[in-house]
$ cat final30.cif   # mmCIF, C-alpha atoms
data_model
loop_
_atom_site.label_atom_id
_atom_site.label_comp_id
_atom_site.auth_asym_id
_atom_site.auth_seq_id
_atom_site.Cartn_x
_atom_site.Cartn_y
_atom_site.Cartn_z
CA CYS A 1 59.27 -82.65 -60.95
CA GLY A 2 56.14 -80.52 -61.20
CA LEU A 3 57.97 -77.30 -62.04
CA GLN A 4 57.03 -75.15 -64.95
CA SER A 5 59.12 -76.14 -67.95
CA ARG A 6 61.35 -73.06 -67.77
CA HIS A 7 62.42 -74.15 -64.28
CA HIS A 8 62.86 -77.86 -64.97
CA PRO A 9 66.28 -78.99 -63.73
CA ALA A 10 66.84 -81.73 -66.28
CA HIS A 11 70.42 -80.66 -66.90
CA ARG A 12 73.68 -81.66 -65.26
CA ARG A 13 75.62 -79.12 -63.25
CA GLN A 14 79.32 -78.82 -62.74
CA ALA A 15 80.56 -81.22 -60.07
CA GLY A 16 77.07 -82.43 -59.22
CA THR A 17 73.90 -83.89 -60.56
CA VAL A 18 70.28 -82.95 -60.53
CA GLN A 19 67.87 -85.56 -59.22
CA THR A 20 64.17 -85.43 -59.83
CA LEU A 21 62.08 -86.92 -57.06
CA PRO A 22 58.32 -87.03 -56.66
CA ARG A 23 57.00 -83.56 -55.69
CA GLU A 24 60.39 -82.01 -55.03
CA CYS A 25 63.57 -81.16 -56.91
CA VAL A 26 66.90 -81.63 -55.30
CA TYR A 27 70.33 -80.59 -56.46
CA THR A 28 72.94 -82.74 -54.79
CA HIS A 29 76.62 -81.94 -54.68
CA THR A 30 79.17 -84.22 -53.08
CA GLN A 31 82.21 -82.49 -51.64
CA PRO A 32 85.27 -84.73 -52.20
CA HIS A 33 87.01 -83.45 -49.05
CA ILE A 34 83.91 -83.59 -46.84
CA ASN A 35 82.03 -86.79 -46.17
CA SER A 36 78.62 -85.23 -46.68
CA ARG A 37 76.19 -84.06 -49.33
CA LEU A 38 74.72 -80.64 -49.72
CA TYR A 39 71.09 -80.43 -50.75
CA TYR A 40 69.52 -77.41 -52.33
CA ILE A 41 65.76 -77.66 -52.18
CA LEU A 42 63.41 -75.61 -54.30
CA LEU A 43 60.10 -75.71 -52.51
CA ALA A 44 58.48 -72.42 -53.43
CA VAL A 45 56.31 -73.89 -56.16
CA PHE A 46 55.37 -77.10 -54.41
CA THR A 47 52.69 -78.13 -52.01
CA ILE A 48 54.57 -78.21 -48.73
CA GLN A 49 53.79 -81.47 -47.02
CA ASN A 50 55.32 -83.30 -44.10
CA ALA A 51 56.48 -85.95 -46.56
CA VAL A 52 59.00 -83.48 -48.01
CA TYR A 53 60.43 -82.86 -44.57
CA LEU A 54 60.49 -86.56 -43.78
CA HIS A 55 62.64 -86.98 -46.90
CA LEU A 56 64.95 -84.27 -45.60
CA GLN A 57 65.27 -86.21 -42.34
CA SER A 58 66.38 -89.33 -44.21
CA TRP A 59 68.91 -87.43 -46.32
CA LEU A 60 70.65 -85.80 -43.38
CA LYS A 61 73.00 -87.31 -40.85
CA PRO A 62 72.12 -86.77 -37.19
CA GLY A 63 73.02 -83.17 -36.41
CA GLY A 64 72.58 -82.22 -40.08
CA GLN A 65 70.86 -78.92 -40.69
CA VAL A 66 68.42 -77.48 -43.19
CA LEU A 67 68.08 -73.84 -44.16
CA ILE A 68 65.05 -72.93 -46.24
CA THR A 69 63.75 -69.60 -47.48
CA ASP A 70 60.36 -69.43 -49.10
CA TYR A 71 57.34 -67.34 -49.93
CA CYS A 72 54.80 -67.39 -47.12
CA CYS A 73 51.53 -65.68 -46.40
CA GLY A 74 50.01 -63.65 -43.66
CA GLU A 75 47.04 -64.70 -41.61
CA LYS A 76 43.71 -64.90 -43.41
CA PRO A 77 41.54 -63.23 -44.48
CA TRP A 78 43.61 -62.10 -47.45
CA THR A 79 42.75 -59.28 -49.80
CA PRO A 80 40.78 -60.35 -52.90
CA GLN A 81 43.79 -59.38 -55.05
CA PHE A 82 46.08 -61.73 -53.13
CA GLN A 83 43.52 -64.52 -53.23
CA GLU A 84 43.42 -64.17 -57.02
CA TYR A 85 47.24 -64.03 -57.25
CA VAL A 86 47.59 -67.25 -55.22
CA LYS A 87 44.89 -68.97 -57.27
CA GLN A 88 46.42 -67.84 -60.58
CA ARG A 89 49.87 -69.12 -59.57
CA GLY A 90 48.57 -72.32 -58.03
CA TYR A 91 50.39 -71.57 -54.80
CA ILE A 92 49.65 -73.20 -51.50
CA LEU A 93 51.10 -70.84 -48.91
CA TYR A 94 51.56 -71.04 -45.18
CA THR A 95 52.42 -68.53 -42.49
CA PRO A 96 55.99 -68.71 -41.14
CA PRO A 97 54.79 -70.31 -37.85
CA GLN A 98 52.80 -72.95 -39.77
CA TYR A 99 55.86 -73.69 -41.90
CA GLY A 100 57.95 -74.12 -38.75
CA LYS A 101 55.37 -76.56 -37.34
CA PHE A 102 55.79 -78.75 -40.44
CA LEU A 103 59.48 -79.07 -39.63
CA GLN A 104 58.74 -79.88 -35.98
CA GLN A 105 56.11 -82.47 -36.96
CA ALA A 106 58.65 -84.12 -39.26
CA GLY A 107 60.90 -84.62 -36.25
CA PHE A 108 63.39 -81.77 -36.62
CA SER A 109 64.69 -80.07 -33.48
CA ASN A 110 65.91 -76.55 -32.78
CA VAL A 111 63.41 -75.29 -35.34
CA ARG A 112 63.69 -71.59 -36.01
CA ALA A 113 60.92 -70.06 -38.15
CA GLU A 114 61.50 -66.39 -38.86
CA ASP A 115 59.39 -63.87 -40.70
CA ARG A 116 61.95 -62.00 -42.80
CA THR A 117 59.46 -59.88 -44.73
CA ALA A 118 61.06 -56.58 -43.66
CA GLN A 119 64.41 -57.73 -45.02
CA PHE A 120 62.74 -59.02 -48.19
CA MET A 121 61.12 -55.60 -48.71
CA GLN A 122 64.45 -53.81 -48.18
CA VAL A 123 66.07 -56.00 -50.82
CA ILE A 124 63.26 -55.29 -53.27
CA GLN A 125 63.49 -51.53 -52.60
CA THR A 126 67.25 -51.64 -53.21
CA GLU A 127 66.74 -53.56 -56.43
CA LEU A 128 64.11 -51.06 -57.59
CA GLN A 129 66.59 -48.23 -57.00
CA ARG A 130 69.32 -50.08 -58.88
CA ALA A 131 66.92 -50.84 -61.72
CA ALA A 132 65.92 -47.18 -61.99
CA ALA A 133 69.59 -46.14 -62.13
CA MET A 134 70.26 -48.48 -65.05
CA LYS A 135 66.90 -48.26 -66.80
CA ASP A 136 68.18 -46.86 -70.12
CA GLU A 137 71.05 -49.36 -70.28
CA PHE A 138 68.69 -52.24 -69.47
CA ILE A 139 66.15 -51.20 -72.11
CA LYS A 140 68.91 -50.92 -74.74
CA GLU A 141 70.06 -54.46 -74.02
CA PHE A 142 66.63 -56.01 -73.53
CA SER A 143 63.37 -54.06 -73.90
CA GLU A 144 61.12 -51.63 -72.10
CA GLU A 145 58.58 -54.43 -71.78
CA ASP A 146 61.16 -56.60 -69.95
CA TYR A 147 62.12 -53.69 -67.71
CA LEU A 148 58.51 -52.95 -66.79
CA ALA A 149 57.76 -56.62 -66.15
CA ILE A 150 60.59 -56.80 -63.61
CA VAL A 151 59.91 -53.46 -61.94
CA ASN A 152 56.15 -54.01 -61.80
CA GLY A 153 56.66 -57.52 -60.41
CA TRP A 154 58.85 -56.16 -57.61
CA SER A 155 56.42 -53.31 -56.94
CA ASP A 156 53.52 -55.77 -56.74
CA LYS A 157 55.46 -57.84 -54.19
CA LEU A 158 55.98 -54.73 -52.07
CA LYS A 159 52.26 -53.98 -52.20
CA ARG A 160 51.36 -57.55 -51.17
CA CYS A 161 53.86 -57.37 -48.30
CA ASN A 162 52.53 -53.99 -47.18
CA THR A 163 49.00 -55.39 -46.94
CA GLY A 164 50.34 -58.26 -44.82
CA ASP A 165 49.27 -60.86 -47.37
CA GLN A 166 52.68 -61.92 -48.66
CA ARG A 167 55.48 -62.81 -46.25
CA TRP A 168 58.99 -64.19 -46.62
CA GLY A 169 60.20 -66.89 -44.27
CA LEU A 170 63.57 -68.20 -43.18
CA PHE A 171 63.61 -71.63 -41.58
CA HIS A 172 66.46 -73.44 -39.87
CA ALA A 173 66.28 -76.84 -38.20
CA THR A 174 68.46 -79.73 -37.09
CA ARG A 175 68.01 -83.44 -37.60
CA THR A 176 67.91 -85.23 -34.29
#

$ encode --input "final30.cif" --output "structure tokens"
Amino acid sequence: CGLQSRHHPAHRRQAGTVQTLPRECVYTHTQPHINSRLYYILLAVFTIQNAVYLHLQSWLKPGGQVLITDYCCGEKPWTPQFQEYVKQRGYILYTPPQYGKFLQQAGFSNVRAEDRTAQFMQVIQTELQRAAAMKDEFIKEFSEEDYLAIVNGWSDKLKRCNTGDQRWGLFHATRT
């Protein structure tokens, strides 16, 4: 599947199965009372290519919809710190408009590509406040090292968003 081992979905889930396909992971769940399948796609750690979206087209019935959220990037040039972060993680990132174009090129209609970075930052700020309020309890149960790893990770995301390097996208499209 190409995911890091700690993310590998090689287990079965209640009322569904996990399929591993080349370059993408898909969790499928068949609803007994609905003649359709729901697909949950984890794309954040993959090279986004039109082939992935062409697969989505074949999995959906006409009128079927996809909703994707994913890490994105701002326009280049990026800060040296962000360039190093992307290189270290092996990410290939696109701007929200570029991401939306991939969906259009794959034949989806009614494509909506939204930059939701402001909302993403609000969520992180809320989580940082919640983490601070429960810091002692968290450290008792886990460790200070774990606490700092989480808080520093969120703070780093805020910094990358504030520089315009890191973005968060929401994408919605319909199969024609």

$ resolve_selection --input "final30.cif" --expression "the PyMOL selection byres ((chain A and resi 95-97) around 10)" --output "list in words"
Asp70, Tyr71, Cys72, Cys73, Gly74, Glu75, Lys76, Leu93, Tyr94, Gln98, Tyr99, Gly100, Lys101, Phe102, Arg112, Ala113, Glu114, Asp115, Arg116, Asp165, Gln166, Arg167, Trp168, Gly169, Leu170 and Phe171 of chain A

$ atom_distance --input "final30.cif" --atom1 "atom CA of Trp78 of chain A" --atom2 "atom CA of Arg160 of chain A"
9.7 Å

$ resolve_selection --input "final30.cif" --expression "the PyMOL selection byres ((chain A and resi 108) around 12)" --output "NGL selection string"
:A and (50 or 53-58 or 60-67 or 100-107 or 109-112 or 171-176)

$ atom_distance --input "final30.cif" --atom1 "atom CA of Cys161 of chain A" --atom2 "atom CA of Leu128 of chain A"
15.2 Å

$ axis_aligned_box --input "final30.cif" --around "segment 156-164 of chain A" --padding-each-side "8 Å" --output "JSON"
{"center_x": 52.5, "center_y": -56.1, "center_z": -50.8, "size_x": 23.0, "size_y": 20.3, "size_z": 27.9}

$ residues_near_point --input "final30.cif" --point "(66.2, -50.6, -66.0)" --cutoff "12 Å" --atoms "all atoms listed in the file" --output "number ranges by chain"
A: 127-152

$ atom_distance --input "final30.cif" --atom1 "atom CA of Glu84 of chain A" --atom2 "atom CA of Val123 of chain A"
24.9 Å
